[in-house]
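Undergrad: Contents are CSV, N, CA and C atoms; file name my_file-v6.csv:
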chain,number,residue,atom,x,y,z
A,1491,MET,N,20.1,-21.5,-11.4
A,1491,MET,CA,18.8,-20.7,-11.7
A,1491,MET,C,17.7,-21.2,-10.8
A,1492,LEU,N,17.6,-22.5,-10.6
A,1492,LEU,CA,16.5,-23.1,-9.8
A,1492,LEU,C,16.6,-22.6,-8.3
A,1493,SER,N,17.9,-22.5,-7.8
A,1493,SER,CA,18.1,-22.0,-6.5
A,1493,SER,C,17.6,-20.6,-6.3
A,1494,LEU,N,17.8,-19.7,-7.3
A,1494,LEU,CA,17.4,-18.3,-7.2
A,1494,LEU,C,15.9,-18.2,-7.2
A,1495,LEU,N,15.2,-19.0,-8.1
A,1495,LEU,CA,13.8,-19.0,-8.1
A,1495,LEU,C,13.2,-19.4,-6.8
A,1496,ALA,N,13.8,-20.5,-6.2
A,1496,ALA,CA,13.3,-21.0,-5.0
A,1496,ALA,C,13.4,-19.9,-3.9
A,1497,THR,N,14.5,-19.2,-3.9
A,1497,THR,CA,14.8,-18.2,-2.9
A,1497,THR,C,13.8,-17.0,-3.0
A,1498,VAL,N,13.5,-16.6,-4.3
A,1498,VAL,CA,12.6,-15.5,-4.5
A,1498,VAL,C,11.2,-16.0,-4.0
A,1499,PHE,N,10.8,-17.2,-4.3
A,1499,PHE,CA,9.5,-17.7,-3.9
A,1499,PHE,C,9.4,-17.8,-2.4
A,1500,LEU,N,10.4,-18.2,-1.7
A,1500,LEU,CA,10.4,-18.3,-0.3
A,1500,LEU,C,10.3,-16.9,0.4
A,1501,VAL,N,11.0,-15.9,-0.2
A,1501,VAL,CA,10.9,-14.6,0.3
A,1501,VAL,C,9.5,-14.0,0.2
A,1502,ALA,N,8.9,-14.2,-1.0
A,1502,ALA,CA,7.6,-13.7,-1.3
A,1502,ALA,C,6.5,-14.4,-0.4
A,1503,ALA,N,6.7,-15.7,-0.1
A,1503,ALA,CA,5.7,-16.4,0.7
A,1503,ALA,C,5.8,-16.1,2.2
A,1504,GLN,N,6.9,-15.5,2.7
A,1504,GLN,CA,7.0,-15.2,4.1
A,1504,GLN,C,5.9,-14.1,4.4
A,1505,SER,N,5.5,-14.2,5.7
A,1505,SER,CA,4.6,-13.2,6.2
A,1505,SER,C,5.2,-11.8,6.2
A,1506,SER,N,4.5,-10.8,5.6
A,1506,SER,CA,5.0,-9.5,5.5
A,1506,SER,C,4.1,-8.6,6.4
A,1507,PRO,N,4.6,-7.5,6.9
A,1507,PRO,CA,3.8,-6.6,7.7
A,1507,PRO,C,2.6,-6.0,6.9
A,1508,GLN,N,1.5,-5.9,7.6
A,1508,GLN,CA,0.3,-5.3,7.0
A,1508,GLN,C,0.2,-3.8,7.2
A,1509,LEU,N,0.0,-3.1,6.1
A,1509,LEU,CA,0.0,-1.6,6.1
A,1509,LEU,C,-1.3,-1.1,6.8
A,1510,PHE,N,-2.4,-1.7,6.5
A,1510,PHE,CA,-3.7,-1.2,7.0
A,1510,PHE,C,-4.1,-1.9,8.3
A,1511,VAL,N,-4.5,-1.1,9.3
A,1511,VAL,CA,-4.9,-1.6,10.6
A,1511,VAL,C,-6.3,-1.3,10.9
A,1512,ASP,N,-7.2,-2.2,11.3
A,1512,ASP,CA,-8.6,-1.9,11.6
A,1512,ASP,C,-8.6,-0.9,12.7
A,1513,THR,N,-9.7,-0.1,12.7
A,1513,THR,CA,-9.8,0.9,13.7
A,1513,THR,C,-11.3,1.0,14.1
A,1514,THR,N,-11.5,1.6,15.3
A,1514,THR,CA,-12.9,1.8,15.8
A,1514,THR,C,-13.2,3.3,15.6
A,1515,ALA,N,-12.3,4.1,15.1
A,1515,ALA,CA,-12.5,5.5,14.9
A,1515,ALA,C,-13.6,5.8,13.9
A,1516,GLN,N,-14.2,6.9,14.0
A,1516,GLN,CA,-15.3,7.3,13.1
A,1516,GLN,C,-14.7,8.4,12.2
A,1517,ALA,N,-15.1,8.3,10.9
A,1517,ALA,CA,-14.7,9.3,9.9
A,1517,ALA,C,-15.4,10.6,10.2
A,1518,ALA,N,-14.7,11.7,10.0
A,1518,ALA,CA,-15.3,13.0,10.1
A,1518,ALA,C,-16.3,13.2,8.9
A,1519,PRO,N,-17.4,13.9,9.1
A,1519,PRO,CA,-18.4,14.1,8.0
A,1519,PRO,C,-17.7,14.8,6.8
A,1520,GLY,N,-18.0,14.3,5.6
A,1520,GLY,CA,-17.4,15.0,4.4
A,1520,GLY,C,-16.0,14.6,4.0
A,1521,VAL,N,-15.4,13.7,4.8
A,1521,VAL,CA,-14.0,13.3,4.5
A,1521,VAL,C,-14.1,12.1,3.6
A,1522,GLY,N,-13.3,12.1,2.5
A,1522,GLY,CA,-13.2,11.0,1.6
A,1522,GLY,C,-14.3,11.0,0.5
A,1523,SER,N,-14.2,10.1,-0.3
A,1523,SER,CA,-15.2,10.0,-1.5
A,1523,SER,C,-16.1,8.8,-1.3
A,1524,ILE,N,-16.7,8.6,-0.1
A,1524,ILE,CA,-17.5,7.4,0.2
A,1524,ILE,C,-18.7,7.4,-0.8
A,1525,SER,N,-19.3,8.5,-1.1
A,1525,SER,CA,-20.5,8.5,-2.0
A,1525,SER,C,-20.2,8.0,-3.4
A,1526,THR,N,-19.0,8.1,-3.9
A,1526,THR,CA,-18.6,7.6,-5.2
A,1526,THR,C,-17.8,6.3,-5.2
A,1527,SER,N,-17.6,5.7,-4.1
A,1527,SER,CA,-16.8,4.5,-4.0
A,1527,SER,C,-17.6,3.3,-4.2
A,1528,VAL,N,-17.0,2.3,-4.8
A,1528,VAL,CA,-17.6,0.9,-4.9
A,1528,VAL,C,-17.5,0.2,-3.5
A,1529,GLN,N,-16.3,0.4,-2.9
A,1529,GLN,CA,-16.1,-0.2,-1.5
A,1529,GLN,C,-15.4,0.9,-0.7
A,1530,HIS,N,-15.5,0.9,0.6
A,1530,HIS,CA,-14.7,1.7,1.4
A,1530,HIS,C,-14.5,1.0,2.7
A,1531,ARG,N,-13.4,1.5,3.4
A,1531,ARG,CA,-13.0,0.9,4.7
A,1531,ARG,C,-12.2,1.9,5.4
A,1532,LEU,N,-12.6,2.1,6.7
A,1532,LEU,CA,-11.9,3.1,7.5
A,1532,LEU,C,-10.8,2.3,8.3
A,1533,VAL,N,-9.5,2.8,8.2
A,1533,VAL,CA,-8.4,2.1,8.8
A,1533,VAL,C,-7.4,3.1,9.3
A,1534,ASP,N,-6.5,2.6,10.2
A,1534,ASP,CA,-5.3,3.3,10.5
A,1534,ASP,C,-4.2,2.8,9.6
A,1535,ILE,N,-3.1,3.5,9.4
A,1535,ILE,CA,-2.0,3.1,8.6
A,1535,ILE,C,-0.7,3.1,9.4
A,1536,ASP,N,0.0,1.9,9.3
A,1536,ASP,CA,1.3,1.8,10.0
A,1536,ASP,C,2.3,2.5,9.2
A,1537,VAL,N,2.5,3.8,9.4
A,1537,VAL,CA,3.3,4.7,8.6
A,1537,VAL,C,4.8,4.2,8.7
A,1538,SER,N,5.2,3.6,9.8
A,1538,SER,CA,6.6,3.1,9.9
A,1538,SER,C,7.0,2.2,8.8
A,1539,LEU,N,6.0,1.5,8.2
A,1539,LEU,CA,6.3,0.5,7.1
A,1539,LEU,C,6.7,1.3,5.9
A,1540,LEU,N,6.3,2.5,5.7
A,1540,LEU,CA,6.6,3.3,4.5
A,1540,LEU,C,7.9,4.1,4.7
A,1541,ASP,N,8.6,4.0,5.8
A,1541,ASP,CA,9.8,4.7,6.0
A,1541,ASP,C,11.0,4.0,5.3
A,1542,GLY,N,10.8,2.9,4.6
A,1542,GLY,CA,11.8,2.3,3.8
A,1542,GLY,C,12.4,1.1,4.5
A,1543,GLY,N,11.9,0.7,5.7
A,1543,GLY,CA,12.5,-0.4,6.4
A,1543,GLY,C,12.1,-1.7,6.0
A,1544,SER,N,11.0,-1.8,5.3
A,1544,SER,CA,10.4,-3.1,4.9
A,1544,SER,C,10.4,-3.3,3.4
A,1545,PRO,N,11.1,-4.3,2.8
A,1545,PRO,CA,11.2,-4.4,1.4
A,1545,PRO,C,9.8,-4.9,0.8
A,1546,LEU,N,9.0,-5.6,1.6
A,1546,LEU,CA,7.7,-6.1,1.2
A,1546,LEU,C,6.7,-5.7,2.2
A,1547,ILE,N,5.5,-5.2,1.7
A,1547,ILE,CA,4.4,-4.8,2.5
A,1547,ILE,C,3.2,-5.4,2.0
A,1548,ASP,N,2.4,-6.0,2.9
A,1548,ASP,CA,1.1,-6.6,2.6
A,1548,ASP,C,0.1,-5.5,2.6
A,1549,LEU,N,-0.5,-5.2,1.4
A,1549,LEU,CA,-1.5,-4.2,1.3
A,1549,LEU,C,-2.9,-4.9,1.4
A,1550,ASN,N,-3.3,-5.0,2.7
A,1550,ASN,CA,-4.5,-5.7,3.0
A,1550,ASN,C,-5.7,-4.8,2.9
A,1551,LEU,N,-6.1,-4.5,1.6
A,1551,LEU,CA,-7.0,-3.5,1.3
A,1551,LEU,C,-8.4,-3.8,1.8
A,1552,PHE,N,-8.9,-5.0,1.4
A,1552,PHE,CA,-10.3,-5.5,1.8
A,1552,PHE,C,-10.2,-6.9,2.1
A,1553,SER,N,-11.2,-7.5,2.8
A,1553,SER,CA,-11.3,-8.9,3.0
A,1553,SER,C,-11.3,-9.6,1.6
A,1554,GLY,N,-10.3,-10.5,1.4
A,1554,GLY,CA,-10.2,-11.1,0.1
A,1554,GLY,C,-9.4,-10.4,-0.9
A,1555,THR,N,-8.9,-9.2,-0.6
A,1555,THR,CA,-8.1,-8.4,-1.5
A,1555,THR,C,-6.9,-7.9,-0.8
A,1556,SER,N,-5.8,-8.7,-0.9
A,1556,SER,CA,-4.5,-8.4,-0.3
A,1556,SER,C,-3.5,-8.5,-1.4
A,1557,LEU,N,-2.7,-7.5,-1.5
A,1557,LEU,CA,-1.7,-7.4,-2.6
A,1557,LEU,C,-0.3,-7.2,-1.9
A,1558,MET,N,0.7,-7.8,-2.5
A,1558,MET,CA,2.1,-7.7,-1.9
A,1558,MET,C,2.8,-6.6,-2.7
A,1559,ALA,N,3.2,-5.5,-2.0
A,1559,ALA,CA,3.9,-4.4,-2.6
A,1559,ALA,C,5.4,-4.5,-2.3
A,1560,GLN,N,6.2,-4.4,-3.3
A,1560,GLN,CA,7.7,-4.4,-3.2
A,1560,GLN,C,8.2,-3.0,-3.3
A,1561,PHE,N,9.0,-2.6,-2.3
A,1561,PHE,CA,9.6,-1.3,-2.3
A,1561,PHE,C,10.5,-1.0,-3.6
A,1562,VAL,N,10.3,0.2,-4.2
A,1562,VAL,CA,11.2,0.5,-5.3
A,1562,VAL,C,12.0,1.8,-5.0
A,1563,SER,N,11.4,2.8,-4.4
A,1563,SER,CA,12.1,4.0,-4.1
A,1563,SER,C,11.4,4.9,-3.2
A,1564,ILE,N,12.1,5.9,-2.6
A,1564,ILE,CA,11.4,7.0,-1.8
A,1564,ILE,C,11.9,8.3,-2.4
A,1565,ASP,N,11.0,9.2,-2.6
A,1565,ASP,CA,11.4,10.6,-3.0
A,1565,ASP,C,11.1,11.4,-1.8
A,1566,GLN,N,12.2,12.1,-1.3
A,1566,GLN,CA,12.2,12.9,-0.1
A,1566,GLN,C,11.8,14.4,-0.5
A,1567,TYR,N,11.0,15.0,0.4
A,1567,TYR,CA,10.7,16.4,0.2
A,1567,TYR,C,10.8,17.1,1.6
A,1568,SER,N,10.8,18.4,1.6
A,1568,SER,CA,11.0,19.1,2.9
A,1568,SER,C,9.9,18.8,3.9
A,1569,ASP,N,8.7,18.5,3.5
A,1569,ASP,CA,7.6,18.2,4.5
A,1569,ASP,C,7.1,16.8,4.5
A,1570,GLY,N,7.8,15.9,3.8
A,1570,GLY,CA,7.4,14.5,3.7
A,1570,GLY,C,8.1,13.7,2.7
A,1571,TYR,N,7.5,12.6,2.2
A,1571,TYR,CA,8.1,11.8,1.2
A,1571,TYR,C,7.0,11.0,0.4
A,1572,VAL,N,7.4,10.4,-0.7
A,1572,VAL,CA,6.6,9.6,-1.5
A,1572,VAL,C,7.2,8.2,-1.6
A,1573,TRP,N,6.5,7.2,-1.1
A,1573,TRP,CA,7.0,5.8,-1.1
A,1573,TRP,C,6.5,5.2,-2.4
A,1574,ARG,N,7.3,4.6,-3.2
A,1574,ARG,CA,6.9,4.0,-4.5
A,1574,ARG,C,7.2,2.5,-4.5
A,1575,GLY,N,6.3,1.8,-5.0
A,1575,GLY,CA,6.5,0.3,-5.1
A,1575,GLY,C,5.8,-0.3,-6.3
A,1576,ILE,N,6.0,-1.6,-6.5
A,1576,ILE,CA,5.2,-2.3,-7.5
A,1576,ILE,C,4.5,-3.5,-6.8
A,1577,LEU,N,3.6,-4.1,-7.5
A,1577,LEU,CA,2.8,-5.2,-6.9
A,1577,LEU,C,3.4,-6.5,-7.5
A,1578,LEU,N,3.7,-7.4,-6.6
A,1578,LEU,CA,4.3,-8.7,-7.0
A,1578,LEU,C,3.2,-9.4,-7.8
A,1579,GLY,N,3.5,-10.0,-8.9
A,1579,GLY,CA,2.6,-10.8,-9.7
A,1579,GLY,C,1.8,-9.9,-10.7
A,1580,HIS,N,2.1,-8.6,-10.8
A,1580,HIS,CA,1.4,-7.8,-11.7
A,1580,HIS,C,2.4,-6.9,-12.4
A,1581,THR,N,2.6,-7.2,-13.7
A,1581,THR,CA,3.7,-6.5,-14.5
A,1581,THR,C,3.4,-5.0,-14.7
A,1582,ASP,N,2.2,-4.6,-14.9
A,1582,ASP,CA,1.8,-3.2,-15.1
A,1582,ASP,C,1.1,-2.8,-13.8
A,1583,SER,N,1.9,-2.3,-12.8
A,1583,SER,CA,1.3,-2.0,-11.5
A,1583,SER,C,2.1,-0.9,-10.8
A,1584,SER,N,1.5,-0.3,-9.8
A,1584,SER,CA,2.2,0.7,-9.0
A,1584,SER,C,1.4,0.8,-7.6
A,1585,ALA,N,2.2,1.1,-6.6
A,1585,ALA,CA,1.7,1.4,-5.3
A,1585,ALA,C,2.5,2.7,-4.8
A,1586,ASP,N,1.8,3.8,-4.7
A,1586,ASP,CA,2.4,5.1,-4.4
A,1586,ASP,C,1.7,5.6,-3.2
A,1587,PHE,N,2.5,6.0,-2.2
A,1587,PHE,CA,1.9,6.6,-0.9
A,1587,PHE,C,2.7,7.9,-0.6
A,1588,SER,N,1.9,9.0,-0.5
A,1588,SER,CA,2.5,10.2,-0.1
A,1588,SER,C,2.3,10.4,1.4
A,1589,VAL,N,3.4,10.7,2.1
A,1589,VAL,CA,3.3,10.9,3.6
A,1589,VAL,C,3.8,12.4,3.8
A,1590,CYS,N,2.9,13.2,4.4
A,1590,CYS,CA,3.2,14.6,4.7
A,1590,CYS,C,2.6,14.9,6.1
A,1591,ASN,N,3.5,15.2,7.0
A,1591,ASN,CA,3.1,15.6,8.4
A,1591,ASN,C,2.2,14.5,9.0
A,1592,GLY,N,2.5,13.2,8.8
A,1592,GLY,CA,1.8,12.1,9.4
A,1592,GLY,C,0.5,11.7,8.6
A,1593,VAL,N,0.2,12.4,7.6
A,1593,VAL,CA,-1.0,12.2,6.8
A,1593,VAL,C,-0.6,11.4,5.5
A,1594,VAL,N,-1.4,10.3,5.3
A,1594,VAL,CA,-1.0,9.4,4.1
A,1594,VAL,C,-2.2,9.4,3.1
A,1595,MET,N,-1.8,9.6,1.9
A,1595,MET,CA,-2.7,9.5,0.7
A,1595,MET,C,-2.0,8.6,-0.3
A,1596,GLY,N,-2.7,7.9,-1.1
A,1596,GLY,CA,-2.0,7.1,-2.1
A,1596,GLY,C,-3.0,6.4,-3.1
A,1597,THR,N,-2.3,5.7,-4.0
A,1597,THR,CA,-3.0,4.9,-5.0
A,1597,THR,C,-2.3,3.6,-5.2
A,1598,VAL,N,-3.1,2.6,-5.5
A,1598,VAL,CA,-2.6,1.3,-5.8
A,1598,VAL,C,-3.3,0.9,-7.1
A,1599,ARG,N,-2.5,0.5,-8.1
A,1599,ARG,CA,-3.1,0.3,-9.4
A,1599,ARG,C,-2.4,-0.9,-10.1
A,1600,TYR,N,-3.3,-1.8,-10.7
A,1600,TYR,CA,-2.8,-2.9,-11.5
A,1600,TYR,C,-3.9,-3.1,-12.6
A,1601,GLY,N,-3.4,-3.4,-13.8
A,1601,GLY,CA,-4.4,-3.6,-14.9
A,1601,GLY,C,-5.4,-2.4,-15.0
A,1602,ASP,N,-6.7,-2.7,-14.9
A,1602,ASP,CA,-7.7,-1.6,-14.9
A,1602,ASP,C,-8.3,-1.4,-13.6
A,1603,VAL,N,-7.6,-1.9,-12.5
A,1603,VAL,CA,-8.1,-1.7,-11.1
A,1603,VAL,C,-7.4,-0.6,-10.4
A,1604,LEU,N,-8.1,0.3,-9.7
A,1604,LEU,CA,-7.5,1.4,-9.0
A,1604,LEU,C,-8.1,1.5,-7.6
A,1605,PHE,N,-7.2,1.5,-6.6
A,1605,PHE,CA,-7.6,1.8,-5.2
A,1605,PHE,C,-7.1,3.2,-4.8
A,1606,GLN,N,-7.9,4.0,-4.2
A,1606,GLN,CA,-7.4,5.3,-3.7
A,1606,GLN,C,-7.4,5.3,-2.2
A,1607,ILE,N,-6.4,5.7,-1.6
A,1607,ILE,CA,-6.3,5.8,-0.2
A,1607,ILE,C,-6.3,7.3,0.1
A,1608,GLU,N,-7.4,7.7,0.9
A,1608,GLU,CA,-7.6,9.1,1.1
A,1608,GLU,C,-7.6,9.4,2.6
A,1609,TYR,N,-7.3,10.6,2.9
A,1609,TYR,CA,-7.3,11.1,4.3
A,1609,TYR,C,-8.7,11.4,4.7
Would you write out, as structure tokens, the structure that this file holds?
TA:
Amino acid sequence: MLSLLATVFLVAAQSSPQLFVDTTAQAAPGVGSISTSVQHRLVDIDVSLLDGGSPLIDLNLFSGTSLMAQFVSIDQYSDGYVWRGILLGHTDSSADFSVCNGVVMGTVRYGDVLFQIEY
């Protein structure tokens, strides 16, 4: 049992790819819910990480707020897919990202905390 726990810990501690990439692009006027947000950040998203190739993804949401998402499943649709995961270290959590024609929207939730990823 000790060996298994050590292996799980080592896998979780390894560097995982980051989903959000800083950008210099400007948001189009009226896009997103900036006026009702507590925090916001304009980013690019490495969509290739949501194609199911990576079992762990670093959700680097904000400076000081980085959560590790573990892949659970992908639901395929004719025009895209939904990537579903859970957050390591949070028993009541979810990370869901909808990808349709290269556009990503999603939610990340644990406890009473909610992050929305908008186009």
Undergrad: Could you please write out, as number ranges by chain, every residue of region 1500-1607 of chain A that DSSP assigns to strand (DSSP E)?
TA: A: 1510-1512, 1533-1535, 1546-1552, 1555-1567, 1570-1577, 1583-1590, 1593-1600, 1603-1607
Undergrad: Kindly indicate which residue among A:Asn1591, A:Thr1555, A:Thr1513, A:Ser1568 lies nearest to Arg1531 (chain A), using only N, CA and C atoms for the distances.
TA: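 Counting only N, CA and C atoms, the residue closest to Arg1531 (chain A) is A:Thr1513.
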Undergrad: Interatomic distance between CA of Asp1586 (chain A) and CA of His1530 (chain A)?
TA: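 Taking CA of Asp1586 (chain A) as the start and CA of His1530 (chain A) as the end point, the length is 18.4 Å.
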Undergrad: From (2.0, 1.3, -5.2), in the file's coordinates, out to 7 Å: which residues are reached, counting all atoms listed in the file? Answer as an MDAnalysis selection string.
TA: chainID A and resid 1559 1573:1577 1583:1587 1597:1599
Undergrad: Take the residues from that selection and write them out as a PDB file, keeping the file's coordinate frame, keeping N, CA and C atoms.
TA:
ATOM      1  N   ALA A1559       3.200  -5.500  -2.000  1.00  0.00           N
ATOM      2  CA  ALA A1559       3.900  -4.400  -2.600  1.00  0.00           C
ATOM      3  C   ALA A1559       5.400  -4.500  -2.300  1.00  0.00           C
ATOM      4  N   TRP A1573       6.500   7.200  -1.100  1.00  0.00           N
ATOM      5  CA  TRP A1573       7.000   5.800  -1.100  1.00  0.00           C
ATOM      6  C   TRP A1573       6.500   5.200  -2.400  1.00  0.00           C
ATOM      7  N   ARG A1574       7.300   4.600  -3.200  1.00  0.00           N
ATOM      8  CA  ARG A1574       6.900   4.000  -4.500  1.00  0.00           C
ATOM      9  C   ARG A1574       7.200   2.500  -4.500  1.00  0.00           C
ATOM     10  N   GLY A1575       6.300   1.800  -5.000  1.00  0.00           N
ATOM     11  CA  GLY A1575       6.500   0.300  -5.100  1.00  0.00           C
ATOM     12  C   GLY A1575       5.800  -0.300  -6.300  1.00  0.00           C
ATOM     13  N   ILE A1576       6.000  -1.600  -6.500  1.00  0.00           N
ATOM     14  CA  ILE A1576       5.200  -2.300  -7.500  1.00  0.00           C
ATOM     15  C   ILE A1576       4.500  -3.500  -6.800  1.00  0.00           C
ATOM     16  N   LEU A1577       3.600  -4.100  -7.500  1.00  0.00           N
ATOM     17  CA  LEU A1577       2.800  -5.200  -6.900  1.00  0.00           C
ATOM     18  C   LEU A1577       3.400  -6.500  -7.500  1.00  0.00           C
ATOM     19  N   SER A1583       1.900  -2.300 -12.800  1.00  0.00           N
ATOM     20  CA  SER A1583       1.300  -2.000 -11.500  1.00  0.00           C
ATOM     21  C   SER A1583       2.100  -0.900 -10.800  1.00  0.00           C
ATOM     22  N   SER A1584       1.500  -0.300  -9.800  1.00  0.00           N
ATOM     23  CA  SER A1584       2.200   0.700  -9.000  1.00  0.00           C
ATOM     24  C   SER A1584       1.400   0.800  -7.600  1.00  0.00           C
ATOM     25  N   ALA A1585       2.200   1.100  -6.600  1.00  0.00           N
ATOM     26  CA  ALA A1585       1.700   1.400  -5.300  1.00  0.00           C
ATOM     27  C   ALA A1585       2.500   2.700  -4.800  1.00  0.00           C
ATOM     28  N   ASP A1586       1.800   3.800  -4.700  1.00  0.00           N
ATOM     29  CA  ASP A1586       2.400   5.100  -4.400  1.00  0.00           C
ATOM     30  C   ASP A1586       1.700   5.600  -3.200  1.00  0.00           C
ATOM     31  N   PHE A1587       2.500   6.000  -2.200  1.00  0.00           N
ATOM     32  CA  PHE A1587       1.900   6.600  -0.900  1.00  0.00           C
ATOM     33  C   PHE A1587       2.700   7.900  -0.600  1.00  0.00           C
ATOM     34  N   THR A1597      -2.300   5.700  -4.000  1.00  0.00           N
ATOM     35  CA  THR A1597      -3.000   4.900  -5.000  1.00  0.00           C
ATOM     36  C   THR A1597      -2.300   3.600  -5.200  1.00  0.00           C
ATOM     37  N   VAL A1598      -3.100   2.600  -5.500  1.00  0.00           N
ATOM     38  CA  VAL A1598      -2.600   1.300  -5.800  1.00  0.00           C
ATOM     39  C   VAL A1598      -3.300   0.900  -7.100  1.00  0.00           C
ATOM     40  N   ARG A1599      -2.500   0.500  -8.100  1.00  0.00           N
ATOM     41  CA  ARG A1599      -3.100   0.300  -9.400  1.00  0.00           C
ATOM     42  C   ARG A1599      -2.400  -0.900 -10.100  1.00  0.00           C
TER      43      ARG A1599
END
Undergrad: Which one of A:Val1528, A:Leu1546, A:Val1533, A:Leu1540 sits closest to Pro1507 (chain A) if you count all atoms listed in the file?
TA: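 Of A:Val1528, A:Leu1546, A:Val1533, A:Leu1540, the one nearest Pro1507 (chain A) is A:Leu1546, counting all atoms listed in the file.
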Undergrad: I need the residue nearest Met1558 (chain A) from this list: A:Leu1578, A:Gly1596, A:Leu1509, A:Ser1538. Use all atoms listed in the file for the distance.
TA: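 Closest candidate: A:Leu1578.
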Undergrad: Which of these residues is nearest to Glu1608 (chain A), using only C-alpha atoms: A:Val1562, A:Asn1550, A:Thr1581, A:Ser1588?
TA: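 Of A:Val1562, A:Asn1550, A:Thr1581, A:Ser1588, the one nearest Glu1608 (chain A), counting only C-alpha atoms, is A:Ser1588.
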Undergrad: Report the distance between CA of Asp1602 (chain A) and atom C of Val1589 (chain A) in Å, rounded to one decimal place.
TA: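 So the answer is 26.0 Å.
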Undergrad: Please indicate the distance in Å from CA of Leu1532 (chain A) to atom N of Ala1518 (chain A), rounded to one decimal place.
TA: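 About the pair CA of Leu1532 (chain A) and atom N of Ala1518 (chain A): they are 9.4 Å apart.
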Undergrad: From the set A:Gly1542, A:Ala1515, A:Ser1527, A:Leu1551, which residue has the shortest atom-to-atom contact distance to Ser1563 (chain A), counting only N, CA and C atoms?
TA: A:Gly1542
Undergrad: For Ile1564 (chain A), which residue out of A:Asp1536, A:Met1595, A:Gln1516, A:Asp1541 is the nearest one, using all atoms listed in the file?
TA: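 That would be A:Asp1541, the residue with the smallest distance to Ile1564 (chain A).
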Undergrad: Write out as a VMD selection string which residues come within 9 Å of Gln1508 (chain A) when counting only C-alpha atoms, dropping same-chain ones fewer than 2 positions away.
TA: chain A and resid 1506 1510 to 1511 1535 to 1536 1539 1547 to 1550
Undergrad: Write out as a PyMOL selection string which residues come within 5 Å of Asp1582 (chain A) when counting all atoms listed in the file, dropping same-chain ones fewer than 2 positions away.
TA: chain A and resi 1580+1584+1600-1601
Undergrad: Next, dump the selected residues to file, keeping only N, CA and C atoms, as a short mmCIF file (atom, residue, chain, number, x, y, z; two decimals), in the frame of the given file.
TA:
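Okay, this is what ended up in out18.cif:
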data_model
loop_
_atom_site.label_atom_id
_atom_site.label_comp_id
_atom_site.auth_asym_id
_atom_site.auth_seq_id
_atom_site.Cartn_x
_atom_site.Cartn_y
_atom_site.Cartn_z
N HIS A 1580 2.10 -8.60 -10.80
CA HIS A 1580 1.40 -7.80 -11.70
C HIS A 1580 2.40 -6.90 -12.40
N SER A 1584 1.50 -0.30 -9.80
CA SER A 1584 2.20 0.70 -9.00
C SER A 1584 1.40 0.80 -7.60
N TYR A 1600 -3.30 -1.80 -10.70
CA TYR A 1600 -2.80 -2.90 -11.50
C TYR A 1600 -3.90 -3.10 -12.60
N GLY A 1601 -3.40 -3.40 -13.80
CA GLY A 1601 -4.40 -3.60 -14.90
C GLY A 1601 -5.40 -2.40 -15.00
#
